[in-house]
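Below: one structure, written as structure tokens.
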Amino acid sequence: MTDASLPLLLYARRFRRIAELTMREIPRPVTRKTLPGPSKHRLSHWQSKGLIMRVRYNPRMVRGWEGEKVRLVPIDMDRHLDNAVTWMNDPNTSAHLLMGDFPITRLAEREYFEAHSKGSKEDVMFAMETLDGRHIGFCGIHRIDFRHGTAITGQVIGDPNEWGKGYGSDAAKVRARYAFEVLNLRLLLSEVFEDNERSLRTLEKVGYVEYGRCPKKYWVRGRYVDSILVALDRDRWLSLNP
Ligand SMILES: CC(C)(COP(=O)(O)OP(=O)(O)OC[C@H]1O[C@@H](n2cnc3c(N)ncnc32)[C@H](O)[C@@H]1OP(=O)(O)O)[C@@H](O)C(=O)NCCC(=O)NCCS
């Protein structure tokens, strides 16, 4: 190393140190402003649960529509695509999905992400994350018809180990609020296989009611199954959520 290159080396080291400091997540004091989510009650909610000391501000966390357990955020190729490919090809999960057990290629999923990342007026596709930013599923409002105020809802939690923890019910509540209050929709429709009791119960808890049944509509793994049609209208939702 020559004398002339020494200042350059010191400068490079200093630059690297500054870059490291800047890239690192710098913990900030927890205030109402730094907490994720729009709720003004959030601070006291977290305090009452004794969670406040464990909260760490994460500058990369996307703010979204927040419930008690989950947050619905825009889909993101980097954060959510890999999980989508894994989950949609898991037979434990695809057994319950209307689209069935067809293999979903990375290319097809990528194209779906691209199409739904451009602000479609017909579909609102959210990724479902826990409040600490862990991706657990997807939750959507599809085939939106603003003229009639209708849409079709669907959701999936990818890892069966995460089922039954209240995430799906919470996500469906947040989604209903978004559909009625933000999109000004009037009627949400959904369709469930007759044996998907967990999904039916989840929707029932939010207020959906059965309005029909189509016998033997789908061929699922060796037999025909009925499809149960459920709906949630805004008046009912408002009466349950005054
Ligand atoms: C359906 C799904 C989104 C529900 O989310 P979840 O987080 O598992 O559901 P929750 O924990 O919020 O609520 C499940 C409810 O169903 C109940 N439940 C679970 N298994 C049940 C069963 N076999 N029969 C009746 N009720 C059942 C639970 O007790 C709970 O009700 P409770 O709170 O009154 O006790 C999730 O399980 C999932 O993604 N499943 C696979 C994909 C799927 O089915 N998607 C929907 C396609 S229409």
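For the structure tokens, the naming scheme is as follows: chains receive sequential letters (A, B, ...) according to their order of presentation, residues are indexed from 1 within each chain, and ligands are indexed from 1 in presentation order.
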What do you get as a ChimeraX atom specification if you pick all residues at most 10 Å from ligand 1, counting only C-alpha atoms and all ligand atoms? /A:69,87-88,92-99,136-139,153-173,190-206,227-229
Counting only C-alpha atoms, what is within 6 Å of A:Val230, bar same-chain residues fewer than 6 positions away, as a compact mmCIF listing (two decimals) with N, CA and C atoms, in the first residue's frame?
```txt
# COMPACT_ATOMS: atom_id res chain seq x y z
N LEU A 189 -70.13 -11.88 -1.08
CA LEU A 189 -70.54 -13.26 -1.32
C LEU A 189 -69.33 -14.19 -1.20
N SER A 190 -69.59 -15.40 -0.77
CA SER A 190 -68.50 -16.36 -0.71
C SER A 190 -69.06 -17.76 -0.94
N TYR A 208 -71.64 -13.60 8.04
CA TYR A 208 -72.14 -14.20 6.79
C TYR A 208 -73.25 -15.20 7.12
N VAL A 209 -74.27 -15.26 6.26
CA VAL A 209 -75.33 -16.26 6.45
C VAL A 209 -75.48 -17.09 5.17
N GLU A 210 -75.86 -18.34 5.37
CA GLU A 210 -76.04 -19.23 4.21
C GLU A 210 -77.30 -18.83 3.45
N TYR A 211 -77.18 -18.69 2.13
CA TYR A 211 -78.37 -18.37 1.35
C TYR A 211 -78.64 -19.41 0.27
```
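Between atom CA of A:Val85 and atom CA of A:Arg177 the interatomic distance comes to 28.4 Å.
Relative to atom CA of A:Pro74, atom CA of A:Phe113 is found at 10.4 Å.
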Please extract the residues of stretch 104-207 of chain A with a backbone DSSP assignment of strand (DSSP E or B) and present them as a compact mmCIF listing (two decimals) with N, CA and C atoms, in the first residue's frame.
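Generated file (selection03.txt):
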```txt
# COMPACT_ATOMS: atom_id res chain seq x y z
N VAL A 124 -59.23 -6.57 -4.99
CA VAL A 124 -58.31 -6.05 -3.98
C VAL A 124 -57.68 -7.27 -3.33
N MET A 125 -56.38 -7.42 -3.54
CA MET A 125 -55.69 -8.59 -3.00
C MET A 125 -54.75 -8.14 -1.89
N PHE A 126 -54.97 -8.66 -0.70
CA PHE A 126 -54.11 -8.33 0.44
C PHE A 126 -53.27 -9.55 0.81
N ALA A 127 -52.08 -9.29 1.31
CA ALA A 127 -51.35 -10.33 2.04
C ALA A 127 -51.76 -10.17 3.50
N MET A 128 -51.82 -11.30 4.19
CA MET A 128 -52.20 -11.29 5.61
C MET A 128 -50.93 -11.48 6.43
N GLU A 129 -50.70 -10.54 7.32
CA GLU A 129 -49.52 -10.65 8.18
C GLU A 129 -49.94 -10.53 9.64
N THR A 130 -49.16 -11.15 10.51
CA THR A 130 -49.42 -10.94 11.94
C THR A 130 -48.99 -9.52 12.29
N HIS A 135 -45.63 -13.04 7.54
CA HIS A 135 -46.61 -13.34 6.49
C HIS A 135 -47.25 -14.70 6.74
N ILE A 136 -48.61 -14.74 6.82
CA ILE A 136 -49.27 -16.02 7.08
C ILE A 136 -50.30 -16.40 6.02
N GLY A 137 -50.68 -15.47 5.15
CA GLY A 137 -51.69 -15.86 4.16
C GLY A 137 -52.09 -14.74 3.23
N PHE A 138 -53.24 -14.97 2.59
CA PHE A 138 -53.78 -13.96 1.66
C PHE A 138 -55.28 -13.80 1.91
N CYS A 139 -55.77 -12.63 1.58
CA CYS A 139 -57.18 -12.33 1.86
C CYS A 139 -57.64 -11.35 0.79
N GLY A 140 -58.72 -11.70 0.07
CA GLY A 140 -59.05 -10.87 -1.08
C GLY A 140 -60.52 -10.53 -1.23
N ILE A 141 -60.74 -9.48 -1.99
CA ILE A 141 -62.10 -9.08 -2.41
C ILE A 141 -62.05 -9.08 -3.94
N HIS A 142 -62.81 -9.97 -4.54
CA HIS A 142 -62.65 -10.20 -5.98
C HIS A 142 -63.93 -9.87 -6.74
N ARG A 143 -63.75 -9.75 -8.04
CA ARG A 143 -64.87 -9.48 -8.95
C ARG A 143 -65.77 -8.36 -8.41
N ILE A 144 -65.15 -7.28 -8.02
CA ILE A 144 -65.90 -6.15 -7.47
C ILE A 144 -66.76 -5.54 -8.58
N ASP A 145 -68.02 -5.34 -8.25
CA ASP A 145 -68.93 -4.69 -9.19
C ASP A 145 -69.49 -3.45 -8.51
N THR A 150 -71.40 -5.28 -5.25
CA THR A 150 -71.15 -6.67 -4.82
C THR A 150 -69.69 -7.07 -5.06
N ALA A 151 -69.27 -8.12 -4.37
CA ALA A 151 -67.94 -8.68 -4.58
C ALA A 151 -67.89 -10.08 -3.99
N ILE A 152 -66.87 -10.81 -4.37
CA ILE A 152 -66.69 -12.17 -3.86
C ILE A 152 -65.43 -12.19 -2.98
N THR A 153 -65.56 -12.78 -1.80
CA THR A 153 -64.41 -12.77 -0.89
C THR A 153 -63.79 -14.16 -0.76
N GLY A 154 -62.52 -14.18 -0.44
CA GLY A 154 -61.84 -15.45 -0.22
C GLY A 154 -60.59 -15.22 0.61
N GLN A 155 -60.15 -16.26 1.29
CA GLN A 155 -58.90 -16.11 2.03
C GLN A 155 -58.25 -17.47 2.26
N VAL A 156 -56.96 -17.41 2.50
CA VAL A 156 -56.23 -18.64 2.80
C VAL A 156 -55.10 -18.32 3.77
N ILE A 157 -54.97 -19.18 4.77
CA ILE A 157 -53.80 -19.13 5.64
C ILE A 157 -52.94 -20.32 5.21
N LEU A 187 -72.76 -5.83 -0.63
CA LEU A 187 -73.00 -7.26 -0.43
C LEU A 187 -71.74 -8.07 -0.74
N LEU A 188 -71.30 -8.86 0.24
CA LEU A 188 -70.14 -9.74 0.02
C LEU A 188 -70.61 -11.18 -0.07
N LEU A 189 -70.13 -11.88 -1.08
CA LEU A 189 -70.54 -13.26 -1.32
C LEU A 189 -69.33 -14.19 -1.20
N SER A 190 -69.59 -15.40 -0.77
CA SER A 190 -68.50 -16.36 -0.71
C SER A 190 -69.06 -17.76 -0.94
N GLU A 191 -68.17 -18.66 -1.28
CA GLU A 191 -68.58 -20.03 -1.61
C GLU A 191 -67.60 -20.98 -0.94
N VAL A 192 -68.14 -22.00 -0.29
CA VAL A 192 -67.29 -22.88 0.53
C VAL A 192 -67.69 -24.33 0.28
N PHE A 193 -66.72 -25.25 0.24
CA PHE A 193 -67.05 -26.67 0.16
C PHE A 193 -67.84 -27.07 1.40
```
Quick one, how far is atom CA of A:Asp132 from atom CA of A:Asn89? 25.8 Å
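Between A:Lys118 and the candidates A:Arg186, A:Gly149, A:Asp76, A:Pro103, the tightest atom-to-atom separation, counting only C-alpha atoms, involves A:Asp76.
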Determine, counting only C-alpha atoms, which protein, DNA and RNA residues have an atom within 10 Å of an atom of A:Arg236; residues of the same chain fewer than 3 positions away are not included. Present the result as an mmCIF file with C-alpha atoms, in the first residue's frame.
```
data_model
loop_
_atom_site.group_PDB
_atom_site.id
_atom_site.type_symbol
_atom_site.label_atom_id
_atom_site.label_comp_id
_atom_site.auth_asym_id
_atom_site.auth_seq_id
_atom_site.Cartn_x
_atom_site.Cartn_y
_atom_site.Cartn_z
ATOM 1 C CA LEU A 187 -73.004 -7.262 -0.434
ATOM 2 C CA GLY A 207 -71.908 -12.338 10.114
ATOM 3 C CA TYR A 208 -72.142 -14.201 6.786
ATOM 4 C CA VAL A 209 -75.328 -16.264 6.447
ATOM 5 C CA LEU A 232 -72.886 -10.725 4.273
ATOM 6 C CA ASP A 233 -74.790 -7.521 3.573
ATOM 7 C CA SER A 239 -76.131 -4.085 13.070
ATOM 8 C CA LEU A 240 -73.415 -6.447 14.368
ATOM 9 C CA ASN A 241 -70.832 -3.652 14.473
ATOM 10 C CA PRO A 242 -72.697 -0.539 15.613
#
```
Near A:Ala108, counting only C-alpha atoms, which residues have an atom at most 12 Å away, once you skip same-chain residues fewer than 6 positions from it, shown as a PyMOL selection string? chain A and resi 81+84-85+88+102+114-115
Per DSSP on the backbone, what are the alpha helix (DSSP H) residues of stretch 82-195 of chain A, as a PDB file with C-alpha atoms, in the first residue's frame?
```pdb
ATOM      1  CA  ASP A  82     -42.231 -17.453  -2.406  1.00  0.00           C
ATOM      2  CA  ASN A  83     -44.811 -18.274   0.258  1.00  0.00           C
ATOM      3  CA  ALA A  84     -47.623 -18.139  -2.290  1.00  0.00           C
ATOM      4  CA  VAL A  85     -45.910 -20.734  -4.511  1.00  0.00           C
ATOM      5  CA  THR A  86     -45.244 -22.976  -1.515  1.00  0.00           C
ATOM      6  CA  TRP A  87     -48.712 -22.728   0.008  1.00  0.00           C
ATOM      7  CA  MET A  88     -50.783 -23.006  -3.167  1.00  0.00           C
ATOM      8  CA  PRO A  91     -52.195 -30.464  -0.829  1.00  0.00           C
ATOM      9  CA  ASN A  92     -53.240 -29.862   2.814  1.00  0.00           C
ATOM     10  CA  THR A  93     -54.189 -26.325   1.889  1.00  0.00           C
ATOM     11  CA  SER A  94     -55.345 -26.733  -1.715  1.00  0.00           C
ATOM     12  CA  ARG A 106     -43.868 -19.758 -10.075  1.00  0.00           C
ATOM     13  CA  LEU A 107     -44.420 -18.108 -13.455  1.00  0.00           C
ATOM     14  CA  ALA A 108     -48.203 -18.246 -13.091  1.00  0.00           C
ATOM     15  CA  GLU A 109     -48.017 -16.909  -9.539  1.00  0.00           C
ATOM     16  CA  ARG A 110     -45.623 -14.169 -10.590  1.00  0.00           C
ATOM     17  CA  GLU A 111     -47.975 -13.118 -13.372  1.00  0.00           C
ATOM     18  CA  TYR A 112     -50.851 -13.089 -10.883  1.00  0.00           C
ATOM     19  CA  PHE A 113     -48.810 -10.891  -8.543  1.00  0.00           C
ATOM     20  CA  GLU A 114     -47.893  -8.569 -11.380  1.00  0.00           C
ATOM     21  CA  ALA A 115     -51.487  -8.268 -12.512  1.00  0.00           C
ATOM     22  CA  HIS A 116     -52.696  -7.556  -8.962  1.00  0.00           C
ATOM     23  CA  TYR A 167     -56.234 -15.084  12.386  1.00  0.00           C
ATOM     24  CA  GLY A 168     -58.811 -15.943   9.715  1.00  0.00           C
ATOM     25  CA  SER A 169     -61.761 -14.522  11.654  1.00  0.00           C
ATOM     26  CA  ASP A 170     -59.862 -11.344  12.374  1.00  0.00           C
ATOM     27  CA  ALA A 171     -58.807 -10.963   8.729  1.00  0.00           C
ATOM     28  CA  ALA A 172     -62.400 -11.488   7.564  1.00  0.00           C
ATOM     29  CA  LYS A 173     -63.545  -8.749   9.960  1.00  0.00           C
ATOM     30  CA  VAL A 174     -60.947  -6.288   8.719  1.00  0.00           C
ATOM     31  CA  ARG A 175     -61.816  -7.180   5.131  1.00  0.00           C
ATOM     32  CA  ALA A 176     -65.542  -6.628   5.723  1.00  0.00           C
ATOM     33  CA  ARG A 177     -64.867  -3.228   7.276  1.00  0.00           C
TER      34      ARG A 177
END
```
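Using only C-alpha atoms, the nearest neighbour of A:Val73 within the list A:Gly133, A:Val182, A:Gly222, A:Thr105 is A:Gly133.
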